[in-house]
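Structure data follow from work_31.json (JSON, C-alpha atoms):
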```json
[["chain", "number", "residue", "atom", "x", "y", "z"],
["A", 1, "MET", "CA", 26.63, 18.60, 121.25],
["A", 2, "ARG", "CA", 28.31, 15.43, 120.05],
["A", 3, "VAL", "CA", 30.87, 15.70, 117.25],
["A", 4, "LEU", "CA", 31.46, 12.56, 115.23],
["A", 5, "ALA", "CA", 34.80, 11.76, 113.69],
["A", 6, "ALA", "CA", 34.97, 12.10, 109.92],
["A", 7, "ARG", "CA", 34.19, 8.88, 108.16],
["A", 8, "PRO", "CA", 37.04, 7.59, 106.01],
["A", 9, "PRO", "CA", 36.31, 7.33, 102.29],
["A", 10, "LEU", "CA", 35.31, 3.92, 101.03],
["A", 11, "CYS", "CA", 37.59, 2.27, 98.52],
["A", 12, "SER", "CA", 37.89, -1.07, 96.84],
["A", 13, "ALA", "CA", 40.58, -3.55, 97.86],
["A", 14, "LEU", "CA", 41.04, -4.09, 94.12],
["A", 15, "ASP", "CA", 41.56, -0.40, 93.27],
["A", 16, "PRO", "CA", 45.21, 0.19, 92.25],
["A", 17, "ALA", "CA", 45.00, 3.82, 93.36],
["A", 18, "ALA", "CA", 43.94, 2.77, 96.87],
["A", 19, "GLN", "CA", 46.84, 0.38, 97.48],
["A", 20, "PRO", "CA", 49.23, 2.85, 99.24],
["A", 21, "ALA", "CA", 46.52, 3.72, 101.79],
["A", 22, "LEU", "CA", 45.61, 0.05, 102.18],
["A", 23, "GLU", "CA", 49.25, -0.86, 102.75],
["A", 24, "ARG", "CA", 49.38, 1.68, 105.59],
["A", 25, "LEU", "CA", 46.21, 0.25, 107.08],
["A", 26, "HIS", "CA", 47.65, -3.25, 106.77],
["A", 27, "ARG", "CA", 50.78, -2.26, 108.69],
["A", 28, "SER", "CA", 48.65, -0.68, 111.43],
["A", 29, "LEU", "CA", 46.58, -3.86, 111.77],
["A", 30, "GLN", "CA", 49.71, -6.00, 111.92],
["A", 31, "ALA", "CA", 51.04, -3.82, 114.72],
["A", 32, "PHE", "CA", 47.75, -4.05, 116.59],
["A", 33, "TYR", "CA", 47.61, -7.85, 116.44],
["A", 34, "ASN", "CA", 51.16, -8.05, 117.74],
["A", 35, "SER", "CA", 50.65, -5.56, 120.58],
["A", 36, "GLU", "CA", 49.74, -5.82, 124.25],
["A", 37, "VAL", "CA", 46.15, -4.90, 123.38],
["A", 38, "THR", "CA", 45.80, -8.20, 121.54],
["A", 39, "ARG", "CA", 45.70, -10.18, 124.78],
["A", 40, "ARG", "CA", 42.65, -8.26, 125.96],
["A", 41, "TYR", "CA", 41.09, -8.60, 122.52],
["A", 42, "PHE", "CA", 41.42, -12.38, 122.49],
["A", 43, "ALA", "CA", 40.25, -12.57, 126.12],
["A", 44, "ALA", "CA", 37.03, -10.80, 125.06],
["A", 45, "ALA", "CA", 36.55, -13.31, 122.26],
["A", 46, "GLU", "CA", 37.14, -16.20, 124.68],
["A", 47, "SER", "CA", 34.47, -14.85, 127.04],
["A", 48, "SER", "CA", 31.78, -15.40, 124.40],
["A", 49, "ASN", "CA", 33.12, -18.80, 123.34],
["A", 50, "GLU", "CA", 33.42, -20.66, 126.63],
["A", 51, "GLU", "CA", 31.18, -23.38, 125.23],
["A", 52, "TRP", "CA", 29.54, -24.04, 121.88],
["A", 53, "THR", "CA", 25.96, -25.18, 122.38],
["A", 54, "PRO", "CA", 23.09, -25.82, 119.93],
["A", 55, "ALA", "CA", 21.86, -22.31, 120.82],
["A", 56, "MET", "CA", 24.93, -20.94, 119.02],
["A", 57, "ARG", "CA", 23.50, -21.98, 115.69],
["A", 58, "PRO", "CA", 26.29, -20.91, 113.28],
["A", 59, "GLN", "CA", 29.05, -22.52, 115.37],
["A", 60, "TRP", "CA", 27.01, -25.63, 116.06],
["A", 61, "HIS", "CA", 26.08, -25.96, 112.39],
["A", 62, "LEU", "CA", 29.75, -25.77, 111.47],
["A", 63, "LYS", "CA", 30.76, -28.30, 114.10],
["A", 64, "THR", "CA", 28.17, -30.87, 113.01],
["A", 65, "HIS", "CA", 29.30, -30.60, 109.39],
["A", 66, "ILE", "CA", 32.93, -31.44, 110.10],
["A", 67, "PRO", "CA", 33.30, -35.24, 109.95],
["A", 68, "ILE", "CA", 35.25, -36.98, 112.70],
["A", 69, "GLY", "CA", 38.96, -37.16, 111.94],
["A", 70, "SER", "CA", 38.93, -34.31, 109.42],
["A", 71, "SER", "CA", 41.97, -32.16, 108.76],
["A", 72, "VAL", "CA", 41.00, -28.58, 109.66],
["A", 73, "LEU", "CA", 42.82, -25.35, 108.80],
["A", 74, "ASP", "CA", 41.68, -22.37, 110.90],
["A", 75, "LEU", "CA", 42.79, -19.02, 109.44],
["A", 76, "GLY", "CA", 42.90, -16.24, 112.03],
["A", 77, "CYS", "CA", 42.63, -18.80, 114.83],
["A", 78, "GLY", "CA", 43.21, -16.28, 117.65],
["A", 79, "SER", "CA", 43.16, -18.13, 120.96],
["A", 80, "ALA", "CA", 42.20, -21.36, 119.16],
["A", 81, "HIS", "CA", 38.96, -21.94, 121.06],
["A", 82, "THR", "CA", 37.71, -23.59, 117.86],
["A", 83, "PHE", "CA", 40.14, -26.47, 118.42],
["A", 84, "ARG", "CA", 38.77, -26.92, 121.93],
["A", 85, "HIS", "CA", 35.17, -26.96, 120.73],
["A", 86, "LEU", "CA", 35.95, -29.43, 117.96],
["A", 87, "ALA", "CA", 37.64, -31.87, 120.33],
["A", 88, "ASP", "CA", 34.91, -34.51, 119.93],
["A", 89, "ARG", "CA", 35.44, -34.36, 116.16],
["A", 90, "GLN", "CA", 39.09, -35.44, 116.74],
["A", 91, "PRO", "CA", 40.46, -33.07, 114.08],
["A", 92, "ALA", "CA", 43.96, -32.84, 112.70],
["A", 93, "TYR", "CA", 43.90, -29.12, 113.45],
["A", 94, "VAL", "CA", 46.20, -26.38, 112.14],
["A", 95, "GLY", "CA", 45.72, -22.81, 113.36],
["A", 96, "VAL", "CA", 47.27, -19.76, 111.68],
["A", 97, "ASP", "CA", 47.31, -16.25, 113.13],
["A", 98, "TRP", "CA", 49.14, -12.95, 112.76],
["A", 99, "SER", "CA", 49.98, -12.80, 116.46],
["A", 100, "GLN", "CA", 53.27, -14.54, 117.24],
["A", 101, "ASP", "CA", 52.64, -14.20, 121.00],
["A", 102, "GLN", "CA", 49.22, -15.83, 120.76],
["A", 103, "VAL", "CA", 50.57, -18.63, 118.59],
["A", 104, "THR", "CA", 53.22, -19.31, 121.25],
["A", 105, "VAL", "CA", 50.49, -19.47, 123.93],
["A", 106, "ASN", "CA", 48.38, -21.76, 121.75],
["A", 107, "LYS", "CA", 51.24, -24.21, 121.29],
["A", 108, "GLN", "CA", 51.59, -24.47, 125.07],
["A", 109, "LEU", "CA", 47.85, -24.88, 125.68],
["A", 110, "TYR", "CA", 47.14, -27.30, 122.82],
["A", 111, "PRO", "CA", 50.23, -29.44, 122.10],
["A", 112, "ARG", "CA", 48.16, -31.86, 119.99],
["A", 113, "ALA", "CA", 47.43, -29.12, 117.46],
["A", 114, "GLU", "CA", 49.73, -27.40, 114.97],
["A", 115, "PHE", "CA", 50.11, -23.62, 114.89],
["A", 116, "ALA", "CA", 51.90, -21.09, 112.70],
["A", 117, "ALA", "CA", 52.32, -17.32, 112.86],
["A", 118, "ALA", "CA", 51.88, -16.10, 109.30],
["A", 119, "SER", "CA", 50.08, -13.68, 107.01],
["A", 120, "LEU", "CA", 46.61, -14.90, 106.08],
["A", 121, "TYR", "CA", 47.17, -13.49, 102.61],
["A", 122, "ASP", "CA", 50.16, -15.67, 101.79],
["A", 123, "VAL", "CA", 49.72, -18.73, 104.00],
["A", 124, "ASP", "CA", 50.71, -21.94, 102.23],
["A", 125, "PHE", "CA", 51.15, -25.60, 103.08],
["A", 126, "ASP", "CA", 52.37, -28.64, 101.20],
["A", 127, "ARG", "CA", 48.96, -30.26, 101.67],
["A", 128, "GLN", "CA", 45.25, -29.52, 101.42],
["A", 129, "PHE", "CA", 42.61, -29.82, 104.13],
["A", 130, "ASP", "CA", 39.17, -31.37, 104.51],
["A", 131, "ALA", "CA", 37.88, -28.12, 106.04],
["A", 132, "VAL", "CA", 39.27, -24.60, 105.77],
["A", 133, "ILE", "CA", 37.54, -22.21, 108.16],
["A", 134, "SER", "CA", 37.83, -18.59, 109.26],
["A", 135, "LEU", "CA", 35.63, -17.33, 112.08],
["A", 136, "TYR", "CA", 35.08, -13.60, 112.64],
["A", 137, "VAL", "CA", 38.23, -12.65, 110.73],
["A", 138, "VAL", "CA", 37.34, -11.56, 107.20],
["A", 139, "GLU", "CA", 35.85, -8.27, 108.43],
["A", 140, "HIS", "CA", 39.27, -7.36, 109.88],
["A", 141, "LEU", "CA", 41.15, -7.78, 106.62],
["A", 142, "VAL", "CA", 42.40, -5.15, 104.20],
["A", 143, "TRP", "CA", 42.36, -7.58, 101.25],
["A", 144, "PRO", "CA", 39.69, -10.18, 102.09],
["A", 145, "HIS", "CA", 39.75, -11.61, 98.57],
["A", 146, "ARG", "CA", 43.36, -12.70, 99.05],
["A", 147, "MET", "CA", 42.51, -14.80, 102.09],
["A", 148, "LEU", "CA", 39.52, -16.29, 100.30],
["A", 149, "ASP", "CA", 41.80, -17.24, 97.41],
["A", 150, "ARG", "CA", 44.06, -19.06, 99.87],
["A", 151, "MET", "CA", 41.07, -20.84, 101.41],
["A", 152, "PHE", "CA", 40.02, -22.19, 98.01],
["A", 153, "ALA", "CA", 43.59, -23.22, 97.20],
["A", 154, "LEU", "CA", 44.08, -25.04, 100.51],
["A", 155, "ALA", "CA", 40.75, -26.90, 100.60],
["A", 156, "LYS", "CA", 40.59, -30.39, 99.14],
["A", 157, "PRO", "CA", 38.30, -30.85, 96.13],
["A", 158, "GLY", "CA", 34.82, -31.26, 97.58],
["A", 159, "GLY", "CA", 36.04, -30.03, 100.99],
["A", 160, "LEU", "CA", 34.35, -27.58, 103.33],
["A", 161, "ILE", "CA", 35.03, -23.83, 103.30],
["A", 162, "ALA", "CA", 33.37, -21.84, 106.11],
["A", 163, "VAL", "CA", 33.51, -18.10, 106.81],
["A", 164, "MET", "CA", 31.68, -16.43, 109.71],
["A", 165, "THR", "CA", 31.28, -12.72, 110.38],
["A", 166, "PRO", "CA", 29.55, -10.74, 113.16],
["A", 167, "PRO", "CA", 26.05, -9.35, 112.58],
["A", 168, "PHE", "CA", 26.21, -5.89, 111.05],
["A", 169, "ARG", "CA", 23.89, -3.26, 112.47],
["A", 170, "HIS", "CA", 21.16, -1.96, 110.22],
["A", 171, "ARG", "CA", 21.66, 1.52, 108.71],
["A", 172, "GLU", "CA", 25.08, 2.00, 110.26],
["A", 173, "TYR", "CA", 28.41, 2.54, 108.58],
["A", 174, "LEU", "CA", 29.82, -0.92, 107.80],
["A", 175, "LYS", "CA", 30.40, -1.52, 111.48],
["A", 176, "SER", "CA", 30.09, -4.75, 113.42],
["A", 177, "PHE", "CA", 28.75, -4.72, 116.96],
["A", 178, "ASP", "CA", 30.90, -3.19, 119.68],
["A", 179, "TYR", "CA", 31.89, -5.58, 122.42],
["A", 180, "GLY", "CA", 31.08, -3.57, 125.54],
["A", 181, "LEU", "CA", 32.05, -6.02, 128.28],
["A", 182, "SER", "CA", 31.39, -9.13, 126.19],
["A", 183, "ALA", "CA", 31.19, -10.03, 122.52],
["A", 184, "ILE", "CA", 27.48, -10.77, 122.27],
["A", 185, "PRO", "CA", 24.71, -8.79, 120.53],
["A", 186, "PHE", "CA", 22.89, -6.00, 122.37],
["A", 187, "LYS", "CA", 19.46, -7.70, 122.41],
["A", 188, "GLU", "CA", 20.97, -10.85, 123.90],
["A", 189, "LYS", "CA", 22.59, -8.79, 126.68],
["A", 190, "VAL", "CA", 19.22, -7.25, 127.48],
["A", 191, "ARG", "CA", 17.54, -10.67, 127.45],
["A", 192, "GLN", "CA", 20.15, -12.01, 129.86],
["A", 193, "GLY", "CA", 19.77, -9.00, 132.18],
["A", 194, "ARG", "CA", 23.32, -7.72, 131.60],
["A", 195, "ALA", "CA", 22.34, -4.10, 132.21],
["A", 196, "VAL", "CA", 25.81, -2.57, 132.61],
["A", 197, "ASP", "CA", 27.18, -4.48, 129.64],
["A", 198, "ALA", "CA", 24.22, -3.43, 127.48],
["A", 199, "GLN", "CA", 24.49, 0.21, 128.57],
["A", 200, "LEU", "CA", 28.22, 0.31, 127.82],
["A", 201, "LYS", "CA", 27.62, -1.22, 124.41],
["A", 202, "ASN", "CA", 24.92, 1.38, 123.69],
["A", 203, "TRP", "CA", 27.16, 4.22, 124.91],
["A", 204, "ARG", "CA", 30.00, 3.08, 122.64],
["A", 205, "ARG", "CA", 27.60, 3.02, 119.70],
["A", 206, "ASP", "CA", 26.29, 6.54, 120.43],
["A", 207, "ALA", "CA", 29.83, 7.84, 120.91],
["A", 208, "GLY", "CA", 30.84, 6.51, 117.53],
["A", 209, "ALA", "CA", 33.38, 4.13, 119.12]]
```

Exercise: express the given structure as structure tokens:
Amino acid sequence: MRVLAARPPLCSALDPAAQPALERLHRSLQAFYNSEVTRRYFAAAESSNEEWTPAMRPQWHLKTHIPIGSSVLDLGCGSAHTFRHLADRQPAYVGVDWSQDQVTVNKQLYPRAEFAAASLYDVDFDRQFDAVISLYVVEHLVWPHRMLDRMFALAKPGGLIAVMTPPFRHREYLKSFDYGLSAIPFKEKVRQGRAVDAQLKNWRRDAGA
């Protein structure tokens, strides 16, 4: 018999009574994104972003709507694969992430780009950007509205604001897909014949991981 962990109570990020609990969650997330686990986390994200192709419709749509030479601010940039995939757009790219270690790695890998380790809730610059983007980040945030406020503040009038999130599974508890061995949806793993990866993903779902 399988015993599922108790589901935490839902609360609003705007609820004053919920703020102490949200502050604790925020500190836990900060610790996670500055821990050894983070390297494996970003490696998993890299594995599904080796190349952006037209088949990756959301990413390709974003790419084709960023004019050549645009200034781009990427909030929650992680390993900065977005900069690599936008290379033909010749962006003036700035990536911001919680992880100081990853930002240090990014600076070494992509010296033409600018990086900063900072809170996504309070990030500020002395300029605005043609495009302000955040890919697969907002679902990780305790106060998503605060990052969205910063995105609006840092985008030029008439500029582009883009937010992407993973697909959320139907009838499940506000939970994005589990990675398994790679960060792609279950049906796509089956289509590609990735049996072990698909089985691990399914097992994690059944186990409540």

Mind checking which residues fall within 6 Å of Ala117 in chain A, counting all atoms listed in the file, ignoring those fewer than 6 positions away in the same chain, and posting them as a VMD selection string? chain A and resid 96 to 98 100

CA of Leu148 in chain A sits from CA of Trp60 in chain A at a separation of 22.2 Å

Show me, as a compact mmCIF listing (two decimals) with C-alpha atoms, in the frame of the given file, the residues that have an atom within 12 Å of Cys11 in chain A when counting only C-alpha atoms, minus same-chain residues fewer than 3 positions from it.
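Produced file around.txt, reproduced below:
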```txt
# COMPACT_ATOMS: atom_id res chain seq x y z
CA PRO A 8 37.04 7.59 106.01
CA LEU A 14 41.04 -4.09 94.12
CA ASP A 15 41.56 -0.40 93.27
CA PRO A 16 45.21 0.19 92.25
CA ALA A 17 45.00 3.82 93.36
CA ALA A 18 43.94 2.77 96.87
CA GLN A 19 46.84 0.38 97.48
CA PRO A 20 49.23 2.85 99.24
CA ALA A 21 46.52 3.72 101.79
CA LEU A 22 45.61 0.05 102.18
CA VAL A 142 42.40 -5.15 104.20
CA TRP A 143 42.36 -7.58 101.25
```

* In file coordinates, which residues lie within 7 Å of (42.5, -22.8, 107.5) using all atoms listed in the file, given as an MDAnalysis selection string? -> chainID A and resid 72:75 94:95 132:134 151

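Between Gln199 in chain A and the candidates A:Arg57, A:Lys107, A:Arg112, A:Lys187, the tightest atom-to-atom separation, counting all atoms listed in the file, involves A:Lys187.
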
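Coordinates place CA of Ser35 in chain A at a distance of 17.0 Å from CA of Leu141 in chain A.
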
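Counting from CA of Ala155 in chain A, the distance to CA of Pro67 in chain A is 14.6 Å.
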
Excluding Pro54 in chain A and residues on its chain fewer than 5 positions from it, collect all residues at most 12 Å away from it, counting all atoms listed in the file, and give them as a count of residues only.
6

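When all atoms listed in the file are used to compute distances to Tyr33 in chain A, the closest of the residues A:Val103, A:Ala13, A:Ala87, A:Ala131 turns out to be A:Val103.
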
Residues within 6 Å of Pro91 in chain A, all atoms listed in the file, excluding chain neighbours under 3 positions, as a PyMOL selection string: chain A and resi 69-71

Could you work out an axis-aligned box for range 114-122 of chain A, taking every atom the file lists and adding 8 Å on each side, and report centre and edge lengths in Å to one decimal, as JSON?
```
{"center_x": 49.5, "center_y": -20.4, "center_z": 108.4, "size_x": 21.7, "size_y": 29.9, "size_z": 29.2}
```

- [ ] Pick out the residues sitting within 9 Å of Tyr110 in chain A, and hand them over as a list of chain:residue names; count all atoms listed in the file, and ignore anything fewer than 6 positions along from it in its own chain.
- [x] A:Ala80, A:Phe83, A:Arg84
